[in-house]
Each structure stands twice: as C-alpha cells, then as structure tokens.
>>> print(open('work.pdb').read())   # PDB, C-alpha atoms
MODEL        1
ATOM      1  CA  GLY A  22      71.201 -67.865 -49.814
ATOM      2  CA  SER A  23      71.588 -68.149 -53.561
ATOM      3  CA  ARG A  24      68.315 -69.961 -54.188
ATOM      4  CA  GLU A  25      66.162 -68.456 -56.935
ATOM      5  CA  VAL A  26      62.586 -67.499 -56.062
ATOM      6  CA  THR A  27      61.376 -69.343 -59.164
ATOM      7  CA  SER A  28      62.720 -72.664 -57.865
ATOM      8  CA  THR A  29      59.850 -73.029 -55.385
ATOM      9  CA  PHE A  30      56.098 -72.855 -56.030
ATOM     10  CA  PHE A  31      53.865 -71.190 -53.422
ATOM     11  CA  GLN A  32      50.086 -71.132 -53.413
ATOM     12  CA  ILE A  33      47.260 -70.242 -51.054
ATOM     13  CA  LEU A  34      44.304 -72.622 -50.831
ATOM     14  CA  ASN A  35      41.040 -71.388 -49.391
ATOM     15  CA  TYR A  36      38.935 -74.186 -47.880
ATOM     16  CA  VAL A  37      35.266 -73.305 -48.261
ATOM     17  CA  THR A  38      32.022 -75.175 -47.706
ATOM     18  CA  ASP A  39      31.281 -77.669 -50.454
ATOM     19  CA  GLU A  40      27.878 -77.698 -52.146
ATOM     20  CA  ARG A  41      27.445 -81.319 -51.050
ATOM     21  CA  THR A  42      27.427 -80.294 -47.373
ATOM     22  CA  THR A  43      24.356 -81.479 -45.450
ATOM     23  CA  PRO A  44      23.160 -80.590 -41.930
ATOM     24  CA  THR A  45      24.828 -83.749 -40.654
ATOM     25  CA  ASP A  46      27.843 -83.907 -42.987
ATOM     26  CA  LEU A  47      30.182 -80.923 -43.378
ATOM     27  CA  GLN A  48      32.347 -81.098 -46.478
ATOM     28  CA  LEU A  49      35.041 -78.639 -47.509
ATOM     29  CA  LYS A  50      36.701 -78.060 -50.829
ATOM     30  CA  PRO A  51      39.975 -76.275 -51.632
ATOM     31  CA  VAL A  52      39.906 -73.163 -53.831
ATOM     32  CA  LEU A  53      43.172 -71.812 -55.250
ATOM     33  CA  THR A  54      43.079 -68.087 -54.459
ATOM     34  CA  SER A  55      46.677 -66.901 -54.958
ATOM     35  CA  VAL A  56      50.014 -68.070 -56.380
ATOM     36  CA  PHE A  57      53.520 -66.718 -55.996
ATOM     37  CA  LYS A  58      54.797 -66.102 -59.518
ATOM     38  CA  GLU A  59      57.963 -64.336 -60.700
ATOM     39  CA  GLY A  60      58.613 -62.767 -57.320
ATOM     40  CA  GLU A  61      55.097 -61.507 -56.549
ATOM     41  CA  TRP A  62      51.725 -62.786 -55.457
ATOM     42  CA  VAL A  63      49.012 -63.064 -58.094
ATOM     43  CA  GLN A  64      45.411 -63.223 -56.865
ATOM     44  CA  LEU A  65      43.155 -65.651 -58.739
ATOM     45  CA  GLU A  66      40.042 -65.675 -56.555
ATOM     46  CA  ASP A  67      38.716 -63.682 -53.628
ATOM     47  CA  TYR A  68      39.522 -65.233 -50.253
ATOM     48  CA  VAL A  69      36.374 -66.139 -48.322
ATOM     49  CA  TYR A  70      36.663 -65.902 -44.519
ATOM     50  CA  THR A  71      34.827 -67.835 -41.823
ATOM     51  CA  ASP A  72      31.983 -65.324 -41.708
ATOM     52  CA  GLY A  73      31.195 -66.080 -45.357
ATOM     53  CA  THR A  74      32.391 -62.685 -46.647
ATOM     54  CA  THR A  75      35.546 -61.413 -48.324
ATOM     55  CA  ASN A  76      36.015 -58.685 -45.692
ATOM     56  CA  VAL A  77      39.323 -59.025 -43.838
ATOM     57  CA  PRO A  78      38.544 -59.541 -40.132
ATOM     58  CA  PRO A  79      40.438 -57.533 -37.519
ATOM     59  CA  ASP A  80      43.487 -59.039 -35.881
ATOM     60  CA  VAL A  81      41.646 -59.089 -32.557
ATOM     61  CA  ILE A  82      37.895 -59.535 -32.218
ATOM     62  CA  PRO A  83      36.417 -56.281 -30.888
ATOM     63  CA  VAL A  84      34.787 -56.460 -27.475
ATOM     64  CA  ASP A  85      31.751 -54.708 -26.057
ATOM     65  CA  VAL A  86      32.990 -51.829 -23.921
ATOM     66  CA  GLU A  87      31.186 -51.039 -20.676
ATOM     67  CA  ARG A  88      30.915 -47.251 -20.962
ATOM     68  CA  ASN A  89      29.087 -46.686 -17.645
ATOM     69  CA  HIS A  90      26.448 -44.360 -19.065
ATOM     70  CA  PHE A  91      23.943 -42.581 -16.873
ATOM     71  CA  THR A  92      21.067 -44.867 -16.004
ATOM     72  CA  PRO A  93      17.610 -43.655 -17.099
ATOM     73  CA  GLY A  94      16.690 -43.183 -13.437
ATOM     74  CA  VAL A  95      19.681 -40.944 -12.677
ATOM     75  CA  ARG A  96      19.104 -38.851 -15.811
ATOM     76  CA  ALA A  97      15.374 -38.549 -15.116
ATOM     77  CA  GLY A  98      16.041 -37.603 -11.493
ATOM     78  CA  GLY A  99      18.481 -34.851 -12.448
ATOM     79  CA  LEU A 100      16.216 -33.413 -15.138
ATOM     80  CA  THR A 101      13.224 -33.574 -12.784
ATOM     81  CA  MET A 102      15.063 -31.583 -10.104
ATOM     82  CA  CYS A 103      16.192 -29.122 -12.766
ATOM     83  CA  SER A 104      12.575 -28.677 -13.875
ATOM     84  CA  ILE A 105      11.438 -28.146 -10.279
ATOM     85  CA  VAL A 106      14.071 -25.442  -9.666
ATOM     86  CA  ILE A 107      13.226 -23.646 -12.920
ATOM     87  CA  ALA A 108       9.487 -23.858 -12.224
ATOM     88  CA  MET A 109       9.974 -22.452  -8.709
ATOM     89  CA  ALA A 110      12.156 -19.614 -10.015
ATOM     90  CA  VAL A 111       9.578 -18.728 -12.663
ATOM     91  CA  GLY A 112       6.844 -18.945 -10.026
ATOM     92  CA  PHE A 113       8.712 -16.581  -7.690
ATOM     93  CA  MET A 114       9.243 -14.135 -10.554
ATOM     94  CA  GLY A 115       5.523 -14.245 -11.255
ATOM     95  CA  TRP A 116       4.704 -13.790  -7.567
ATOM     96  CA  THR A 117       7.070 -10.792  -7.385
ATOM     97  CA  LYS A 118       5.465  -9.227 -10.446
ATOM     98  CA  TRP A 119       1.969  -9.808  -9.065
ATOM     99  CA  HIS A 120       2.851  -8.164  -5.715
ATOM    100  CA  GLU A 121       5.250  -5.592  -7.125
ATOM    101  CA  SER A 122       3.282  -2.680  -5.692
ATOM    102  CA  HIS A 123       3.325  -4.064  -2.135
ATOM    103  CA  LYS A 124       5.584  -2.076   0.152
ATOM    104  CA  VAL A 125       7.527  -5.123   1.344
ATOM    105  CA  VAL A 126       8.255  -6.210  -2.243
ATOM    106  CA  MET A 127       9.135  -2.651  -3.234
ATOM    107  CA  ALA A 128      11.555  -2.457  -0.300
ATOM    108  CA  SER A 129      13.171  -5.684  -1.488
ATOM    109  CA  GLN A 130      14.022  -4.039  -4.852
ATOM    110  CA  PRO A 131      12.134  -6.204  -7.401
ATOM    111  CA  ILE A 132      14.630  -5.678 -10.233
ATOM    112  CA  PHE A 133      17.289  -7.524  -8.258
ATOM    113  CA  LEU A 134      14.822 -10.227  -7.217
ATOM    114  CA  TYR A 135      14.158 -10.840 -10.923
ATOM    115  CA  LEU A 136      17.892 -11.039 -11.620
ATOM    116  CA  ILE A 137      18.463 -13.524  -8.789
ATOM    117  CA  ALA A 138      15.595 -15.712 -10.002
ATOM    118  CA  PHE A 139      16.773 -15.489 -13.619
ATOM    119  CA  GLY A 140      20.329 -16.354 -12.559
ATOM    120  CA  THR A 141      18.937 -19.378 -10.729
ATOM    121  CA  ILE A 142      17.201 -20.500 -13.936
ATOM    122  CA  VAL A 143      20.396 -20.126 -15.966
ATOM    123  CA  PHE A 144      22.569 -21.836 -13.351
ATOM    124  CA  SER A 145      20.227 -24.798 -12.837
ATOM    125  CA  SER A 146      19.884 -25.226 -16.617
ATOM    126  CA  ALA A 147      23.457 -26.537 -16.593
ATOM    127  CA  ILE A 148      21.974 -29.829 -15.367
ATOM    128  CA  ILE A 149      20.567 -30.375 -18.880
ATOM    129  CA  PRO A 150      23.936 -30.573 -20.721
ATOM    130  CA  LEU A 151      25.423 -32.320 -17.672
ATOM    131  CA  SER A 152      22.936 -35.153 -18.274
ATOM    132  CA  TYR A 153      24.384 -35.817 -21.744
ATOM    133  CA  ASP A 154      26.745 -38.697 -22.530
ATOM    134  CA  ASP A 155      27.631 -40.668 -25.622
ATOM    135  CA  GLY A 156      24.784 -43.056 -24.861
ATOM    136  CA  VAL A 157      22.169 -40.473 -25.862
ATOM    137  CA  ALA A 158      24.161 -38.126 -28.101
ATOM    138  CA  SER A 159      26.959 -38.228 -30.645
ATOM    139  CA  THR A 160      30.510 -37.264 -29.726
ATOM    140  CA  HIS A 161      29.957 -33.909 -31.446
ATOM    141  CA  GLY A 162      26.786 -33.381 -29.412
ATOM    142  CA  CYS A 163      28.676 -34.184 -26.218
ATOM    143  CA  ASP A 164      31.400 -31.707 -27.252
ATOM    144  CA  ILE A 165      28.766 -28.974 -27.552
ATOM    145  CA  ALA A 166      27.268 -29.921 -24.186
ATOM    146  CA  CYS A 167      30.717 -29.693 -22.569
ATOM    147  CA  GLN A 168      31.215 -26.205 -24.010
ATOM    148  CA  VAL A 169      27.773 -25.002 -22.872
ATOM    149  CA  ILE A 170      28.186 -26.064 -19.236
ATOM    150  CA  PRO A 171      30.710 -23.360 -18.155
ATOM    151  CA  TRP A 172      28.611 -20.693 -19.904
ATOM    152  CA  LEU A 173      25.460 -21.586 -17.978
ATOM    153  CA  MET A 174      27.204 -22.073 -14.632
ATOM    154  CA  SER A 175      29.358 -18.942 -14.818
ATOM    155  CA  ILE A 176      26.677 -16.586 -16.111
ATOM    156  CA  GLY A 177      24.067 -17.963 -13.703
ATOM    157  CA  PHE A 178      26.398 -17.784 -10.702
ATOM    158  CA  THR A 179      27.458 -14.248 -11.604
ATOM    159  CA  LEU A 180      23.869 -13.057 -11.962
ATOM    160  CA  ILE A 181      22.830 -14.538  -8.619
ATOM    161  CA  PHE A 182      25.611 -13.253  -6.410
ATOM    162  CA  SER A 183      26.379  -9.988  -8.173
ATOM    163  CA  ALA A 184      22.659  -9.133  -7.991
ATOM    164  CA  LEU A 185      22.648 -10.036  -4.293
ATOM    165  CA  TYR A 186      25.757  -7.908  -3.764
ATOM    166  CA  THR A 187      24.331  -4.960  -5.707
ATOM    167  CA  LYS A 188      20.970  -5.184  -3.949
ATOM    168  CA  THR A 189      22.534  -5.244  -0.482
ATOM    169  CA  TYR A 190      25.146  -2.600  -1.348
ATOM    170  CA  ARG A 191      22.411  -0.216  -2.478
ATOM    171  CA  ILE A 192      20.415  -0.518   0.735
ATOM    172  CA  ASN A 193      23.617  -0.180   2.799
ATOM    173  CA  GLN A 194      24.462   3.072   1.012
ATOM    174  CA  ILE A 195      20.995   4.494   1.594
ATOM    175  CA  LEU A 196      20.770   3.543   5.273
ATOM    176  CA  ASN A 197      24.340   4.644   6.012
ATOM    177  CA  GLY A 198      23.478   8.021   4.530
ATOM    178  CA  ALA A 199      20.392   8.196   6.749
ATOM    179  CA  LYS A 200      22.526   7.568   9.827
ATOM    180  CA  HIS A 201      24.463  10.749   9.048
ATOM    181  CA  PHE A 202      21.266  12.658   8.243
ATOM    182  CA  LYS A 203      22.184  12.814   4.564
ATOM    183  CA  ARG A 204      19.657  12.600   1.837
ATOM    184  CA  ILE A 205      21.115  10.542  -0.967
ATOM    185  CA  LYS A 206      19.678   8.923  -4.040
ATOM    186  CA  VAL A 207      21.269   5.702  -5.258
ATOM    187  CA  THR A 208      19.894   4.594  -8.611
ATOM    188  CA  VAL A 209      19.868   1.035  -9.853
ATOM    189  CA  TRP A 210      22.257   1.947 -12.665
ATOM    190  CA  GLN A 211      24.796   3.436 -10.235
ATOM    191  CA  VAL A 212      25.101   0.247  -8.204
ATOM    192  CA  ALA A 213      24.653  -2.108 -11.190
ATOM    193  CA  LYS A 214      27.937  -1.058 -12.803
ATOM    194  CA  PRO A 215      30.066  -3.574 -10.832
ATOM    195  CA  MET A 216      27.635  -6.313 -11.810
ATOM    196  CA  MET A 217      27.871  -5.347 -15.488
ATOM    197  CA  VAL A 218      31.676  -5.263 -15.315
ATOM    198  CA  LEU A 219      31.808  -8.696 -13.666
ATOM    199  CA  LEU A 220      29.373 -10.127 -16.190
ATOM    200  CA  GLY A 221      31.402  -8.651 -19.055
ATOM    201  CA  LEU A 222      34.641 -10.145 -17.712
ATOM    202  CA  ASN A 223      32.976 -13.551 -17.469
ATOM    203  CA  VAL A 224      31.782 -13.312 -21.068
ATOM    204  CA  ILE A 225      35.266 -12.321 -22.289
ATOM    205  CA  VAL A 226      36.905 -15.285 -20.531
ATOM    206  CA  LEU A 227      34.203 -17.667 -21.768
ATOM    207  CA  VAL A 228      34.572 -16.488 -25.370
ATOM    208  CA  LEU A 229      38.361 -16.901 -25.231
ATOM    209  CA  SER A 230      38.000 -20.365 -23.716
ATOM    210  CA  THR A 231      35.414 -21.476 -26.290
ATOM    211  CA  VAL A 232      37.473 -20.212 -29.223
ATOM    212  CA  LEU A 233      41.004 -21.114 -28.093
ATOM    213  CA  SER A 234      40.624 -24.116 -25.766
ATOM    214  CA  PRO A 235      37.096 -25.511 -25.865
ATOM    215  CA  LEU A 236      36.097 -28.335 -23.578
ATOM    216  CA  TYR A 237      35.542 -31.626 -25.408
ATOM    217  CA  TRP A 238      34.135 -35.087 -24.733
ATOM    218  CA  ASP A 239      36.752 -37.718 -23.940
ATOM    219  CA  PHE A 240      36.575 -41.404 -23.036
ATOM    220  CA  HIS A 241      38.672 -42.443 -20.039
ATOM    221  CA  VAL A 242      39.713 -46.118 -20.037
ATOM    222  CA  ASP A 243      39.547 -47.825 -16.637
ATOM    223  CA  ARG A 244      40.284 -51.402 -17.625
ATOM    224  CA  GLU A 245      41.803 -53.241 -20.611
ATOM    225  CA  ASP A 246      41.898 -56.893 -21.648
ATOM    226  CA  SER A 247      45.036 -58.940 -22.276
ATOM    227  CA  PHE A 248      45.205 -57.585 -25.856
ATOM    228  CA  GLY A 249      45.225 -53.947 -24.739
ATOM    229  CA  GLN A 250      41.644 -53.345 -25.830
ATOM    230  CA  PRO A 251      39.475 -51.184 -23.547
ATOM    231  CA  VAL A 252      36.718 -53.133 -21.818
ATOM    232  CA  GLU A 253      35.463 -50.552 -19.322
ATOM    233  CA  GLY A 254      35.602 -46.790 -18.914
ATOM    234  CA  TYR A 255      33.547 -43.631 -18.753
ATOM    235  CA  GLY A 256      33.152 -40.411 -20.679
ATOM    236  CA  LEU A 257      33.803 -36.957 -19.311
ATOM    237  CA  CYS A 258      34.450 -33.377 -20.377
ATOM    238  CA  ALA A 259      38.206 -32.902 -20.789
ATOM    239  CA  PHE A 260      39.495 -29.469 -19.808
ATOM    240  CA  GLU A 261      43.290 -29.741 -19.501
ATOM    241  CA  ASP A 262      43.987 -27.006 -22.069
ATOM    242  CA  ALA A 263      41.162 -24.843 -20.708
ATOM    243  CA  MET A 264      42.391 -24.917 -17.112
ATOM    244  CA  PRO A 265      43.751 -21.311 -17.097
ATOM    245  CA  TYR A 266      40.363 -20.021 -18.263
ATOM    246  CA  LEU A 267      38.467 -22.099 -15.696
ATOM    247  CA  VAL A 268      40.757 -20.775 -12.965
ATOM    248  CA  ALA A 269      40.068 -17.204 -14.137
ATOM    249  CA  LEU A 270      36.324 -17.874 -14.029
ATOM    250  CA  GLY A 271      36.675 -19.334 -10.547
ATOM    251  CA  VAL A 272      38.551 -16.276  -9.294
ATOM    252  CA  LEU A 273      35.965 -13.901 -10.775
ATOM    253  CA  ASN A 274      32.963 -15.722  -9.373
ATOM    254  CA  ILE A 275      34.453 -16.486  -5.977
ATOM    255  CA  GLY A 276      35.255 -12.781  -5.819
ATOM    256  CA  ALA A 277      31.602 -11.990  -6.505
ATOM    257  CA  LEU A 278      30.595 -14.404  -3.752
ATOM    258  CA  CYS A 279      33.019 -12.823  -1.275
ATOM    259  CA  PHE A 280      31.790  -9.298  -2.014
ATOM    260  CA  ALA A 281      28.187 -10.461  -1.609
ATOM    261  CA  ILE A 282      29.018 -12.030   1.762
ATOM    262  CA  LEU A 283      30.845  -8.867   2.841
ATOM    263  CA  GLU A 284      27.870  -6.638   2.003
ATOM    264  CA  ALA A 285      25.491  -9.087   3.669
ATOM    265  CA  TYR A 286      27.622  -8.963   6.802
ATOM    266  CA  ARG A 287      27.519  -5.168   6.812
ATOM    267  CA  ALA A 288      23.746  -5.361   6.496
ATOM    268  CA  ARG A 289      23.332  -7.944   9.269
ATOM    269  CA  ASN A 290      21.604  -5.486  11.599
ATOM    270  CA  ILE A 291      19.261  -4.044   8.979
ATOM    271  CA  SER A 292      15.612  -4.992   9.178
ATOM    272  CA  ILE A 293      14.760  -8.129   7.241
ATOM    273  CA  GLN A 294      12.232  -6.003   5.377
ATOM    274  CA  TYR A 295      15.110  -4.435   3.458
ATOM    275  CA  ALA A 296      17.815  -7.128   3.397
ATOM    276  CA  GLU A 297      18.094 -10.916   3.736
ATOM    277  CA  SER A 298      21.329 -11.043   5.741
ATOM    278  CA  GLN A 299      19.713 -13.002   8.551
ATOM    279  CA  TYR A 300      19.174 -15.882   6.118
ATOM    280  CA  ILE A 301      22.851 -15.771   5.029
ATOM    281  CA  PHE A 302      24.472 -15.546   8.496
TER     282      PHE A 302
ENDMDL
END
>>> encode(input="work.pdb", output="structure tokens")
Amino acid sequence: GSREVTSTFFQILNYVTDERTTPTDLQLKPVLTSVFKEGEWVQLEDYVYTDGTTNVPPDVIPVDVERNHFTPGVRAGGLTMCSIVIAMAVGFMGWTKWHESHKVVMASQPIFLYLIAFGTIVFSSAIIPLSYDDGVASTHGCDIACQVIPWLMSIGFTLIFSALYTKTYRINQILNGAKHFKRIKVTVWQVAKPMMVLLGLNVIVLVLSTVLSPLYWDFHVDREDSFGQPVEGYGLCAFEDAMPYLVALGVLNIGALCFAILEAYRARNISIQYAESQYIF
C-alpha cells in the first residue's frame, strides 16, 4: 500500500526475571531491546534468552545421537585376539630360529617360514585400526585408521600367500628336476622375484589410492526425528571413490592365493617334511 513506515511504531520487549522474584513468586519485567526507526531496527539492549545468556539458540534443540560405538567388551575382545595372534607368530618365529639347524626346519625353508609369520603379524595388526571409531578417536584419527587398514591387510596377505607360493614352487622345481635325474640349484632370490613383483604392485596401488582417493571416516544416518535431525547411525570407512583401487588390490591378492593353491596342489604328493600341502587340501 501507500502507508509510510514512519506512521507505525514497532518495538521488541524482552521479559526478564525481576529482582523482586522469590522462590515462591516469579515476577517478570519488560526491557525495551529494539525499536524500528526510520526504516531499520535499532538495538538498545542485548536480548536475554531463556537460558539466561545472549546467545541465540538454534531453531531446533539438538538431540543426543546414538552412534552405536563399539562396546568396551567388543573392542577388548578384538584387541585380545589380535595380541594372541601376534604373540603366537612371534613365538613361532623364535621357535624356528632356535631350531634352524634341525634338518626338518631346514627342509621347510626357514626364510619363507619367517615371511609367513611376519605376514601374519602385519595382517592381524589390521584389527587395531579396525577397532577405532569416533568414540575413542577424532574424525581425523579415524580417517588415518581407515587409510591404514588396506595397507596392513594387503601387505600382510601378500606376504603370507606369496611366501607360501614361492616356498612350494621352489621345492616343486627341485623335486621335479630330481625325477628327471637333473641336478638343479634353485636359489631363494630366483623364486622370490614373483613375490617381490607382487609386493611392489600392491605398494603402487596402495600409494595411488592413498594419494588420489583415500578412505575416510563417514557417519551413516539410520534414523531421523520429525525435524530431519539424525537420532541414530553408525560410523564406517567410506570407499566409494577408492573402489577401483580396492578392486585392483583384490585381483592381485586373489591371484596370489590362486597361484599358492595351484603350487600346493602340485606338491600334494610330496612328503610333508618338505611341503604342507596335506594341510591345505
């Protein structure tokens, strides 16, 4: 319409607790905080809210979100099992070293036994970052844990099964040569090359994934209230952008597993003194 803004007077009154208030008698008094003058609001006093402060409250009161963290028992159980596996692997490495000169241990190729045990330590160590959530670490700490997990699992898995493959392949080469009355010498370095190549490929993929598409901690909302606020959910490592790298790691390591199974199958009739195929098949 044509009404002038100066023809009407607007003001904001803030009702606050009066000094005369007693435990049994609540009294309020009005305080003029703002007036509308010449087309704009002019603040005279700070507005005091119901919490007794001048901080503007949110439009909707925040709610406590059920984040479904690991319980102390679950975390303790996982870390305990991790410790047991690592302790057993270290113990077996010590036992192998102590009996390294025994003919049975020598026939089992101690260098590969060490690699298998070390790979087991690395692989099982992934339980440690897997036990992290935003209940015990910051979001940045959870991001780091998410990025460490594929490193430990991939490197550990590669060490275990490529060492098993290399160990069995070496004994197959030697015994196949003996069948044809050939004297051959197969050094550790000769048969370790495939293992080194596979390990190098894993490292390359892991570096690319960490630099270009690192895994990160994300909160997944399961349930919201009527105001659209999350009330329940859980955290997890998000890997959508890293999926191509995870697929590449899976192909590499499943390939290592398949080659190890193939060599173990070829060695199925070899004495258990030299190969462990009877425990695989």
>>> closest_residue(input="work.pdb", among="A:Leu134, A:Val56, A:Val232, A:Ile148", to="Thr101 (chain A)", atoms="all atoms listed in the file")
A:Ile148
>>> closest_residue(input="work.pdb", among="A:Pro171, A:Ser183, A:Cys258, A:Leu233", to="Tyr153 (chain A)", atoms="all atoms listed in the file")
A:Cys258
>>> resolve_selection(input="work.pdb", expression="the PyMOL selection byres ((chain A and resi 82) around 12)", output="list in words")
Val77, Pro78, Pro79, Asp80, Val81, Pro83, Val84, Asp85, Asp246, Phe248, Gly249 and Gln250 of chain A
>>> write_last_selection(input="work.pdb", atoms="C-alpha atoms", output="mmCIF file, in the coordinates of the input")
data_model
loop_
_atom_site.group_PDB
_atom_site.id
_atom_site.type_symbol
_atom_site.label_atom_id
_atom_site.label_comp_id
_atom_site.auth_asym_id
_atom_site.auth_seq_id
_atom_site.Cartn_x
_atom_site.Cartn_y
_atom_site.Cartn_z
ATOM 1 C CA VAL A 77 39.323 -59.025 -43.838
ATOM 2 C CA PRO A 78 38.544 -59.541 -40.132
ATOM 3 C CA PRO A 79 40.438 -57.533 -37.519
ATOM 4 C CA ASP A 80 43.487 -59.039 -35.881
ATOM 5 C CA VAL A 81 41.646 -59.089 -32.557
ATOM 6 C CA PRO A 83 36.417 -56.281 -30.888
ATOM 7 C CA VAL A 84 34.787 -56.460 -27.475
ATOM 8 C CA ASP A 85 31.751 -54.708 -26.057
ATOM 9 C CA ASP A 246 41.898 -56.893 -21.648
ATOM 10 C CA PHE A 248 45.205 -57.585 -25.856
ATOM 11 C CA GLY A 249 45.225 -53.947 -24.739
ATOM 12 C CA GLN A 250 41.644 -53.345 -25.830
#
>>> resolve_selection(input="work.pdb", expression="the PyMOL selection byres ((chain A and resi 90) around 8)", output="JSON, numbers by chain")
{"A": [88, 89, 91, 92, 154, 155, 156, 255, 256]}
>>> residues_near_point(input="work.pdb", point="(23.8, -31.0, -19.7)", cutoff="8 Å", atoms="all atoms listed in the file", output="number ranges by chain")
A: 146-153, 166-167, 169-170
>>> closest_residue(input="work.pdb", among="A:Leu220, A:Leu270, A:Ser175, A:Pro51", to="Asp39 (chain A)", atoms="all atoms listed in the file")
A:Pro51
